[in-house]
$ cat data.tsv   # TSV, C-alpha atoms
chain	number	residue	atom	x	y	z
O	9	MET	CA	13.39	19.09	0.92
O	10	THR	CA	11.94	19.48	-2.55
O	11	ILE	CA	9.65	16.66	-3.72
O	12	ARG	CA	8.96	16.34	-7.41
O	13	ALA	CA	7.13	13.81	-9.56
O	14	PHE	CA	6.84	12.75	-13.18
O	15	TYR	CA	4.58	10.47	-15.18
O	16	ARG	CA	5.20	7.25	-17.10
O	17	ALA	CA	3.05	4.71	-18.91
O	18	THR	CA	3.59	0.99	-19.36
O	19	LYS	CA	1.79	-1.93	-20.97
O	20	VAL	CA	0.48	-4.97	-19.12
O	21	GLU	CA	1.26	-8.24	-20.83
O	22	LYS	CA	-1.77	-10.40	-21.65
O	23	ALA	CA	-4.20	-7.56	-20.86
O	24	GLN	CA	-6.56	-6.74	-23.70
O	25	PRO	CA	-6.79	-3.21	-25.13
O	26	PRO	CA	-7.99	-0.68	-24.27
O	27	TYR	CA	-7.42	-1.97	-20.73
O	28	ASP	CA	-3.72	-2.78	-21.12
O	29	THR	CA	-2.03	0.44	-20.00
O	30	ILE	CA	-0.95	1.56	-16.53
O	31	HIS	CA	-0.15	5.22	-15.86
O	32	LEU	CA	2.42	5.88	-13.14
O	33	LYS	CA	3.25	8.92	-11.06
O	34	VAL	CA	6.75	8.72	-9.61
O	35	PHE	CA	7.59	10.87	-6.55
O	36	TYR	CA	11.22	11.45	-5.57
O	37	PRO	CA	13.50	13.74	-3.50
O	38	ALA	CA	14.79	16.46	-5.82
O	39	LYS	CA	17.44	19.16	-5.82
O	40	MET	CA	16.99	22.32	-7.89
O	41	SER	CA	19.83	22.85	-10.38
O	42	GLY	CA	18.83	25.80	-12.60
O	43	SER	CA	19.44	23.70	-15.73
O	44	ASP	CA	17.73	24.35	-19.06
O	45	GLN	CA	15.87	21.04	-18.77
O	46	GLU	CA	14.58	22.13	-15.38
O	47	GLN	CA	13.55	25.57	-16.58
O	48	ASN	CA	11.97	24.47	-19.86
O	49	GLN	CA	10.48	21.07	-19.05
O	50	GLY	CA	10.11	21.11	-15.27
O	51	MET	CA	12.38	18.05	-14.93
O	52	VAL	CA	14.19	18.64	-11.64
O	53	PRO	CA	17.17	16.35	-10.94
O	54	ALA	CA	17.02	13.90	-8.06
O	55	ASP	CA	19.00	14.67	-4.92
O	56	PRO	CA	22.07	12.40	-5.26
O	57	GLN	CA	22.82	12.61	-1.53
O	58	GLN	CA	19.58	10.72	-0.83
O	59	ALA	CA	20.28	7.95	-3.37
O	60	PRO	CA	19.98	5.05	-3.81
O	61	PHE	CA	16.28	5.33	-3.09
O	62	PRO	CA	14.30	2.43	-1.61
O	63	ILE	CA	11.04	2.12	-3.53
O	64	VAL	CA	7.47	2.14	-2.23
O	65	ILE	CA	4.68	1.05	-4.58
O	66	LEU	CA	1.25	2.22	-3.39
O	67	PHE	CA	-1.78	0.17	-4.51
O	68	SER	CA	-5.05	2.13	-4.44
O	69	GLY	CA	-8.41	0.86	-3.35
O	70	ILE	CA	-10.85	-0.08	-6.12
O	71	ASN	CA	-12.20	3.06	-7.82
O	72	CYS	CA	-9.97	5.25	-5.65
O	73	ASN	CA	-7.98	7.80	-7.63
O	74	PRO	CA	-4.24	7.51	-6.89
O	75	GLU	CA	-4.13	11.26	-6.19
O	76	LEU	CA	-5.97	10.47	-2.94
O	77	TYR	CA	-2.70	9.00	-1.66
O	78	LYS	CA	-0.46	11.89	-2.68
O	79	TRP	CA	-0.25	13.00	0.97
O	80	LEU	CA	1.47	9.72	1.88
O	81	ALA	CA	3.63	9.61	-1.25
O	82	ILE	CA	5.03	13.06	-0.45
O	83	ASP	CA	5.62	12.18	3.20
O	84	LEU	CA	7.56	9.03	2.33
O	85	ALA	CA	9.52	10.80	-0.40
O	86	GLN	CA	10.56	13.38	2.18
O	87	ARG	CA	12.12	10.49	4.08
O	88	GLY	CA	14.32	9.72	1.09
O	89	MET	CA	12.21	7.14	-0.74
O	90	LEU	CA	10.94	6.88	-4.28
O	91	VAL	CA	7.17	6.35	-4.28
O	92	VAL	CA	5.01	5.11	-7.14
O	93	THR	CA	1.27	5.56	-7.42
O	94	PHE	CA	-0.57	4.35	-10.49
O	95	ALA	CA	-3.89	4.32	-12.32
O	96	TRP	CA	-5.14	1.28	-14.22
O	97	ILE	CA	-8.63	1.12	-15.68
O	98	ALA	CA	-9.43	-2.51	-16.31
O	99	GLU	CA	-12.18	-5.11	-16.44
O	100	ASN	CA	-11.20	-7.30	-13.48
O	101	LEU	CA	-14.67	-8.85	-13.37
O	102	PRO	CA	-16.84	-9.46	-16.44
O	103	GLY	CA	-18.83	-6.32	-17.14
O	104	PHE	CA	-17.26	-4.37	-14.26
O	105	ILE	CA	-14.84	-1.71	-15.49
O	106	SER	CA	-13.04	0.08	-12.69
O	107	LEU	CA	-9.99	1.94	-11.55
O	108	THR	CA	-8.21	-1.03	-10.07
O	109	PRO	CA	-5.07	-1.92	-8.12
O	110	GLY	CA	-4.93	-5.03	-10.30
O	111	VAL	CA	-6.46	-8.13	-8.72
O	112	ASP	CA	-5.78	-11.55	-10.22
O	113	ILE	CA	-9.10	-13.17	-9.37
O	114	ALA	CA	-7.90	-16.58	-10.56
O	115	MET	CA	-5.25	-16.61	-7.83
O	116	LEU	CA	-7.89	-16.20	-5.10
O	117	ALA	CA	-9.50	-19.59	-5.71
O	118	PRO	CA	-9.07	-22.37	-3.12
O	119	ASN	CA	-6.92	-24.48	-5.46
O	120	THR	CA	-4.60	-21.64	-6.50
O	121	TYR	CA	-4.36	-19.23	-3.56
O	122	GLY	CA	-0.81	-18.82	-2.31
O	123	THR	CA	0.80	-20.35	-5.39
O	124	ALA	CA	1.28	-17.03	-7.19
O	125	PRO	CA	0.89	-13.30	-6.46
O	126	THR	CA	-2.55	-11.70	-6.60
O	127	ALA	CA	-1.16	-8.29	-7.69
O	128	SER	CA	-1.56	-8.48	-11.46
O	129	ALA	CA	-0.13	-4.98	-12.02
O	130	LEU	CA	3.12	-5.66	-10.21
O	131	PRO	CA	5.21	-7.34	-12.95
O	132	ALA	CA	4.61	-4.40	-15.31
O	133	LEU	CA	5.42	-1.90	-12.56
O	134	LEU	CA	8.69	-3.65	-11.72
O	135	THR	CA	9.70	-3.69	-15.38
O	136	GLU	CA	9.00	0.03	-15.68
O	137	LEU	CA	11.07	0.75	-12.57
O	138	GLU	CA	14.00	-0.98	-14.26
O	139	ARG	CA	13.56	1.34	-17.24
O	140	ILE	CA	13.41	4.39	-14.98
O	141	ASN	CA	16.65	3.30	-13.32
O	142	SER	CA	18.37	2.97	-16.69
O	143	GLU	CA	17.51	6.34	-18.24
O	144	GLY	CA	16.60	9.93	-17.44
O	145	ILE	CA	16.95	11.91	-14.23
O	146	LEU	CA	16.76	8.86	-11.94
O	147	ALA	CA	19.23	6.67	-13.83
O	148	GLY	CA	21.26	4.59	-11.41
O	149	MET	CA	19.56	6.09	-8.34
O	150	LEU	CA	17.03	3.39	-7.44
O	151	ASP	CA	17.58	0.52	-5.04
O	152	LEU	CA	15.80	-2.11	-7.11
O	153	GLN	CA	16.51	-4.74	-4.46
O	154	LYS	CA	14.60	-2.85	-1.80
O	155	ILE	CA	10.96	-2.57	-2.88
O	156	ILE	CA	8.13	-2.15	-0.36
O	157	LEU	CA	4.51	-2.89	-1.30
O	158	GLY	CA	1.78	-0.91	0.43
O	159	GLY	CA	-1.77	0.13	-0.08
O	160	HIS	CA	-5.35	0.70	0.95
O	161	SER	CA	-8.33	-1.66	1.02
O	162	ALA	CA	-8.24	-4.07	-1.95
O	163	GLY	CA	-4.93	-2.52	-3.00
O	164	ALA	CA	-3.47	-3.31	0.40
O	165	ARG	CA	-4.67	-6.88	0.11
O	166	VAL	CA	-2.87	-7.59	-3.15
O	167	ALA	CA	0.20	-5.86	-1.70
O	168	ILE	CA	0.44	-8.02	1.42
O	169	GLU	CA	-0.53	-11.22	-0.45
O	170	SER	CA	2.16	-10.65	-3.08
O	171	ALA	CA	5.01	-9.69	-0.74
O	172	SER	CA	7.03	-12.87	-0.89
O	173	PRO	CA	10.58	-13.51	-2.12
O	174	ARG	CA	9.19	-16.63	-3.80
O	175	PHE	CA	7.22	-14.35	-6.11
O	176	PHE	CA	9.44	-11.26	-6.27
O	177	PRO	CA	12.94	-11.48	-4.72
O	178	GLN	CA	13.31	-7.70	-4.78
O	179	VAL	CA	10.28	-7.13	-2.51
O	180	VAL	CA	11.38	-6.74	1.11
O	181	ALA	CA	8.31	-5.66	3.14
O	182	SER	CA	4.63	-4.72	2.95
O	183	PHE	CA	2.02	-2.60	4.72
O	184	GLY	CA	-1.67	-1.91	4.39
O	185	TYR	CA	-4.62	-0.02	5.85
O	186	GLY	CA	-8.24	-1.21	5.95
O	187	VAL	CA	-7.19	-4.68	4.88
O	188	HIS	CA	-7.76	-8.31	5.80
O	189	THR	CA	-7.55	-11.71	4.13
O	190	ALA	CA	-11.06	-13.03	4.80
O	191	ALA	CA	-12.08	-15.41	2.02
O	192	GLY	CA	-15.16	-14.70	-0.07
O	193	LYS	CA	-17.94	-17.28	0.02
O	194	MET	CA	-18.46	-16.76	-3.74
O	195	MET	CA	-14.98	-18.27	-4.25
O	196	GLY	CA	-16.06	-21.46	-2.48
O	197	TYR	CA	-14.62	-20.91	1.00
O	198	GLU	CA	-16.31	-21.70	4.30
O	199	ALA	CA	-17.81	-18.77	6.19
O	200	GLY	CA	-15.34	-16.74	8.23
O	201	THR	CA	-12.20	-18.24	6.68
O	202	ILE	CA	-9.02	-16.18	7.01
O	203	LEU	CA	-6.48	-16.96	4.30
O	204	PRO	CA	-2.76	-17.19	5.13
O	205	LEU	CA	-0.15	-14.64	4.10
O	206	PRO	CA	3.36	-15.43	2.86
O	207	ASP	CA	4.70	-14.53	6.35
O	208	SER	CA	8.34	-14.22	5.33
O	209	LEU	CA	8.90	-10.44	5.36
O	210	PRO	CA	8.24	-7.48	7.69
O	211	LEU	CA	4.54	-6.57	7.71
O	212	LEU	CA	2.50	-3.65	9.05
O	213	LEU	CA	-1.31	-3.99	9.22
O	214	MET	CA	-3.51	-1.02	10.17
O	215	GLY	CA	-7.24	-0.70	10.73
O	216	GLY	CA	-9.73	1.89	11.97
O	217	THR	CA	-12.36	1.40	14.66
O	218	CYS	CA	-14.96	3.23	12.51
O	219	ASP	CA	-14.39	1.28	9.29
O	220	GLY	CA	-17.93	0.99	7.98
O	221	VAL	CA	-16.88	-0.49	4.63
O	222	ILE	CA	-15.38	-3.53	6.34
O	223	ALA	CA	-18.24	-3.77	8.84
O	224	ASN	CA	-20.92	-3.51	6.15
O	225	SER	CA	-19.23	-6.00	3.82
O	226	SER	CA	-19.18	-8.93	6.24
O	227	HIS	CA	-21.95	-10.73	4.31
O	228	ARG	CA	-19.42	-11.38	1.55
O	229	TYR	CA	-17.62	-13.67	3.96
O	230	GLY	CA	-20.69	-15.42	5.36
O	231	THR	CA	-20.45	-13.88	8.80
O	232	VAL	CA	-21.03	-10.76	10.87
O	233	TRP	CA	-17.92	-9.16	12.31
O	234	GLU	CA	-18.11	-8.35	16.03
O	235	GLU	CA	-16.26	-5.08	15.41
O	236	ALA	CA	-15.13	-3.17	12.33
O	237	THR	CA	-11.57	-4.23	13.09
O	238	THR	CA	-12.33	-7.93	13.70
O	239	PRO	CA	-11.10	-9.29	10.32
O	240	VAL	CA	-8.01	-7.05	10.46
O	241	SER	CA	-7.13	-8.39	13.92
O	242	ARG	CA	-7.89	-11.96	12.88
O	243	THR	CA	-5.60	-11.57	9.86
O	244	PHE	CA	-2.77	-10.55	12.17
O	245	GLN	CA	-3.55	-13.39	14.56
O	246	GLU	CA	-4.25	-16.19	12.06
O	247	ALA	CA	-2.64	-15.37	8.71
O	248	ILE	CA	0.92	-15.09	10.03
O	249	SER	CA	2.80	-16.99	12.69
O	250	GLY	CA	5.23	-14.19	13.54
O	251	GLY	CA	8.15	-14.89	15.81
O	252	ARG	CA	10.60	-12.46	14.22
O	253	ASN	CA	9.28	-9.29	15.92
O	254	ASP	CA	8.93	-7.57	12.55
O	255	SER	CA	5.14	-7.85	12.09
O	256	TYR	CA	2.83	-5.19	13.54
O	257	LEU	CA	-0.88	-4.53	14.00
O	258	MET	CA	-2.06	-0.99	14.75
O	259	LEU	CA	-5.74	-0.20	15.35
O	260	ILE	CA	-6.57	3.50	15.17
O	261	GLU	CA	-9.30	4.99	17.32
O	262	GLY	CA	-11.86	6.98	15.34
O	263	ALA	CA	-10.50	6.23	11.85
O	264	ASN	CA	-12.86	5.03	9.13
O	265	HIS	CA	-12.15	3.23	5.87
O	266	PHE	CA	-11.41	6.40	3.93
O	267	SER	CA	-9.31	8.11	6.58
O	268	PHE	CA	-6.40	6.81	4.51
O	269	THR	CA	-7.41	9.06	1.58
O	270	ASP	CA	-7.23	12.81	1.20
O	271	PRO	CA	-9.23	14.60	-0.07
O	272	PHE	CA	-12.31	12.50	0.47
O	273	ASP	CA	-14.05	11.57	-2.80
O	274	PRO	CA	-17.72	10.53	-2.39
O	275	THR	CA	-18.35	10.03	-6.12
O	276	THR	CA	-16.79	6.59	-6.69
O	277	GLY	CA	-16.15	3.42	-4.74
O	278	ARG	CA	-18.29	2.55	-1.71
O	279	PRO	CA	-17.90	5.48	0.72
O	280	PHE	CA	-21.65	5.37	1.39
O	281	LEU	CA	-21.02	2.21	3.44
O	282	ASP	CA	-18.52	3.91	5.72
O	283	PHE	CA	-19.13	5.12	9.27
O	284	PRO	CA	-18.28	8.73	10.15
O	285	ALA	CA	-14.76	9.16	11.45
O	286	THR	CA	-14.78	10.28	15.08
O	287	GLY	CA	-11.12	11.23	15.32
O	288	PRO	CA	-9.19	14.20	13.87
O	289	GLU	CA	-8.37	12.92	10.38
O	290	ASP	CA	-5.31	15.13	9.78
O	291	GLU	CA	-3.81	13.75	12.99
O	292	ILE	CA	-4.85	10.21	12.03
O	293	ARG	CA	-3.07	10.49	8.66
O	294	SER	CA	-0.04	11.98	10.36
O	295	LEU	CA	0.06	8.98	12.69
O	296	MET	CA	-0.29	6.57	9.76
O	297	ALA	CA	2.51	8.22	7.79
O	298	GLU	CA	4.80	8.36	10.81
O	299	THR	CA	4.19	4.70	11.64
O	300	ILE	CA	4.75	3.56	8.04
O	301	GLY	CA	7.91	5.64	7.81
O	302	LEU	CA	9.27	4.32	11.10
O	303	PHE	CA	8.42	0.74	10.11
O	304	ILE	CA	10.43	1.11	6.89
O	305	ASP	CA	13.29	2.98	8.57
O	306	ALA	CA	13.54	0.36	11.31
O	307	HIS	CA	13.23	-2.87	9.37
O	308	LEU	CA	14.56	-1.94	5.94
O	309	ARG	CA	17.07	0.80	6.76
O	310	HIS	CA	17.97	-0.60	10.19
O	311	GLN	CA	17.94	2.80	11.93
O	312	PRO	CA	18.15	2.43	15.75
O	313	LYS	CA	16.18	5.63	16.39
O	314	ALA	CA	13.29	4.25	14.32
O	315	PHE	CA	13.23	1.07	16.42
O	316	ASP	CA	13.12	3.20	19.58
O	317	ALA	CA	10.24	5.29	18.21
O	318	LEU	CA	8.27	2.16	17.29
O	319	LYS	CA	8.78	0.85	20.82
O	320	GLN	CA	7.33	4.10	22.17
O	321	LEU	CA	4.26	3.66	19.96
O	322	LEU	CA	3.85	0.12	21.29
O	323	ASN	CA	3.37	1.63	24.73
O	324	ASN	CA	0.07	3.18	23.52
O	325	ALA	CA	1.03	6.68	24.64
O	326	ASN	CA	-0.93	8.19	21.72
O	327	PRO	CA	-4.70	8.43	22.42
O	328	LEU	CA	-5.39	7.75	18.74
O	329	ILE	CA	-3.90	4.27	19.06
O	330	LYS	CA	-6.46	1.80	20.37
O	331	SER	CA	-3.88	-1.00	20.28
O	332	PHE	CA	-0.47	-1.69	18.80
O	333	GLU	CA	0.96	-5.22	18.75
O	334	ARG	CA	4.11	-6.87	17.47
O	335	LYS	CA	5.07	-10.48	16.92
$ encode --input "data.tsv" --output "structure tokens"
Amino acid sequence: MTIRAFYRATKVEKAQPPYDTIHLKVFYPAKMSGSDQEQNQGMVPADPQQAPFPIVILFSGINCNPELYKWLAIDLAQRGMLVVTFAWIAENLPGFISLTPGVDIAMLAPNTYGTAPTASALPALLTELERINSEGILAGMLDLQKIILGGHSAGARVAIESASPRFFPQVVASFGYGVHTAAGKMMGYEAGTILPLPDSLPLLLMGGTCDGVIANSSHRYGTVWEEATTPVSRTFQEAISGGRNDSYLMLIEGANHFSFTDPFDPTTGRPFLDFPATGPEDEIRSLMAETIGLFIDAHLRHQPKAFDALKQLLNNANPLIKSFERK
């Protein structure tokens, strides 16, 4: 299958220039046609046999270039999905300009949390997806009622916190790696607090046993985590009630915080806090992509073979899986 991508830009309402523009990269299954547009502009038509495409929006970690997630975007597009990565340089905190997934800090406060989404980039992204579906090579080919939010680190957090039909009726599931909902003491929460998630849609949480960024950031939450995966596990245990058998927790042996990125970029973000990965990272990413793909195929596309494959993973047959739970 041929995977192609193109770029778009969109404005964020209420954001102040020059920090009011998001740049998107849109990956999709394509089919070569030999047209003049293809030959002259590199615009390859989408494969109509794969349409309509469910949509995955990937939220990067803070100061993580979206190209670090191209490996996953291509893998999911090969499964017949449209995948969006994006870059937004903004001033989320006073004096701190960063490449950001878009975090609405005001919605993290004790008196506002859970009343609105924390993903401040999402409304602009959804509006742009409507434009993409109305014009150009993907016109009429998107399933705008089947949008999955996923991400890494802080990007994963805003994805899973914002995945609620109360906020966005078109969002149907979420997933994240290296993510938890521990509450920061600076926001006025008690030490060790785990904040609740919407808990109304399928959810996949993943964490690595060698996640040094999580382990070395525990002071932010007024505690010391027993293991690098402790807040990830506690989020699964405490932030959702489950009961539908569509929520999963997978802990990966030997994966660190940046095992979810490729290639590794030591120049930005906080990779200096991370522990060395002790597992084969190509195999770890392959496992992540397969699990995410199966999760979507099972719970959003209702494919029986995907359910069977997820059940096999639950049996812990893969040595890279420390534990895999469902509730």
$ residues_near_point --input "data.tsv" --point "(1.0, -5.7, -15.1)" --cutoff "9 Å" --atoms "only C-alpha atoms" --output "list in words"
Thr18, Lys19, Val20, Glu21, Lys22, Ala23, Asp28, Thr29, Ile30, Gly110, Ala127, Ser128, Ala129, Leu130, Pro131, Ala132, Leu133, Leu134 and Thr135 of chain O
$ closest_residue --input "data.tsv" --among "O:Tyr197, O:Gly184, O:Thr231, O:Thr299" --to "Thr243 in chain O" --atoms "all atoms listed in the file"
O:Gly184
$ closest_residue --input "data.tsv" --among "O:Gly50, O:Pro239, O:Gly277, O:Pro177" --to "Ala190 in chain O" --atoms "all atoms listed in the file"
O:Pro239
$ closest_residue --input "data.tsv" --among "O:Lys154, O:Lys193, O:His160, O:Arg252" --to "Leu116 in chain O" --atoms "all atoms listed in the file"
O:Lys193
$ closest_residue --input "data.tsv" --among "O:Asp55, O:Asp270, O:Glu235, O:Glu136" --to "Met40 in chain O" --atoms "all atoms listed in the file"
O:Asp55
$ closest_residue --input "data.tsv" --among "O:Pro284, O:Gly122, O:Pro327, O:Gly103" --to "Phe266 in chain O" --atoms "only C-alpha atoms"
O:Pro284
$ atom_distance --input "data.tsv" --atom1 "CA of Ala81 in chain O" --atom2 "CA of Leu205 in chain O"
25.1 Å
$ atom_distance --input "data.tsv" --atom1 "CA of Met51 in chain O" --atom2 "CA of Phe14 in chain O"
7.9 Å
$ residues_around --input "data.tsv" --residues "Gly196 in chain O" --least-positions-apart "2" --cutoff "12 Å" --atoms "all atoms listed in the file" --output "list in words"
Leu116, Ala117, Pro118, Asn119, Tyr121, Ala191, Gly192, Lys193, Met194, Glu198, Ala199, Gly200, Thr201, Arg228, Tyr229 and Gly230 of chain O
$ write_last_selection --input "data.tsv" --atoms "C-alpha atoms" --output "PDB file, keeping the file's coordinate frame"
ATOM      1  CA  LEU O 116      -7.890 -16.200  -5.100  1.00  0.00           C
ATOM      2  CA  ALA O 117      -9.500 -19.590  -5.710  1.00  0.00           C
ATOM      3  CA  PRO O 118      -9.070 -22.370  -3.120  1.00  0.00           C
ATOM      4  CA  ASN O 119      -6.920 -24.480  -5.460  1.00  0.00           C
ATOM      5  CA  TYR O 121      -4.360 -19.230  -3.560  1.00  0.00           C
ATOM      6  CA  ALA O 191     -12.080 -15.410   2.020  1.00  0.00           C
ATOM      7  CA  GLY O 192     -15.160 -14.700  -0.070  1.00  0.00           C
ATOM      8  CA  LYS O 193     -17.940 -17.280   0.020  1.00  0.00           C
ATOM      9  CA  MET O 194     -18.460 -16.760  -3.740  1.00  0.00           C
ATOM     10  CA  GLU O 198     -16.310 -21.700   4.300  1.00  0.00           C
ATOM     11  CA  ALA O 199     -17.810 -18.770   6.190  1.00  0.00           C
ATOM     12  CA  GLY O 200     -15.340 -16.740   8.230  1.00  0.00           C
ATOM     13  CA  THR O 201     -12.200 -18.240   6.680  1.00  0.00           C
ATOM     14  CA  ARG O 228     -19.420 -11.380   1.550  1.00  0.00           C
ATOM     15  CA  TYR O 229     -17.620 -13.670   3.960  1.00  0.00           C
ATOM     16  CA  GLY O 230     -20.690 -15.420   5.360  1.00  0.00           C
TER      17      GLY O 230
END
$ closest_residue --input "data.tsv" --among "O:Leu150, O:Met89, O:Leu107, O:Leu212" --to "Asn71 in chain O" --atoms "all atoms listed in the file"
O:Leu107
$ residues_around --input "data.tsv" --residues "range 221-225 of chain O" --least-positions-apart "3" --cutoff "8 Å" --atoms "all atoms listed in the file" --output "PDB file with C-alpha atoms, keeping the file's coordinate frame"
ATOM      1  CA  GLY O 186      -8.240  -1.210   5.950  1.00  0.00           C
ATOM      2  CA  ARG O 228     -19.420 -11.380   1.550  1.00  0.00           C
ATOM      3  CA  TYR O 229     -17.620 -13.670   3.960  1.00  0.00           C
ATOM      4  CA  VAL O 232     -21.030 -10.760  10.870  1.00  0.00           C
ATOM      5  CA  TRP O 233     -17.920  -9.160  12.310  1.00  0.00           C
ATOM      6  CA  GLU O 235     -16.260  -5.080  15.410  1.00  0.00           C
ATOM      7  CA  ALA O 236     -15.130  -3.170  12.330  1.00  0.00           C
ATOM      8  CA  THR O 237     -11.570  -4.230  13.090  1.00  0.00           C
ATOM      9  CA  HIS O 265     -12.150   3.230   5.870  1.00  0.00           C
ATOM     10  CA  ARG O 278     -18.290   2.550  -1.710  1.00  0.00           C
ATOM     11  CA  PRO O 279     -17.900   5.480   0.720  1.00  0.00           C
ATOM     12  CA  LEU O 281     -21.020   2.210   3.440  1.00  0.00           C
ATOM     13  CA  ASP O 282     -18.520   3.910   5.720  1.00  0.00           C
ATOM     14  CA  PHE O 283     -19.130   5.120   9.270  1.00  0.00           C
TER      15      PHE O 283
END
$ atom_distance --input "data.tsv" --atom1 "CA of Val179 in chain O" --atom2 "CA of Leu157 in chain O"
7.3 Å
$ residues_near_point --input "data.tsv" --point "(-9.9, -6.8, -20.1)" --cutoff "9 Å" --atoms "only C-alpha atoms" --output "compact mmCIF listing (two decimals) with C-alpha atoms, in the frame of the given file"
# COMPACT_ATOMS: atom_id res chain seq x y z
CA ALA O 23 -4.20 -7.56 -20.86
CA GLN O 24 -6.56 -6.74 -23.70
CA PRO O 25 -6.79 -3.21 -25.13
CA PRO O 26 -7.99 -0.68 -24.27
CA TYR O 27 -7.42 -1.97 -20.73
CA ASP O 28 -3.72 -2.78 -21.12
CA ALA O 98 -9.43 -2.51 -16.31
CA GLU O 99 -12.18 -5.11 -16.44
CA ASN O 100 -11.20 -7.30 -13.48
CA LEU O 101 -14.67 -8.85 -13.37
CA PRO O 102 -16.84 -9.46 -16.44
CA ILE O 105 -14.84 -1.71 -15.49
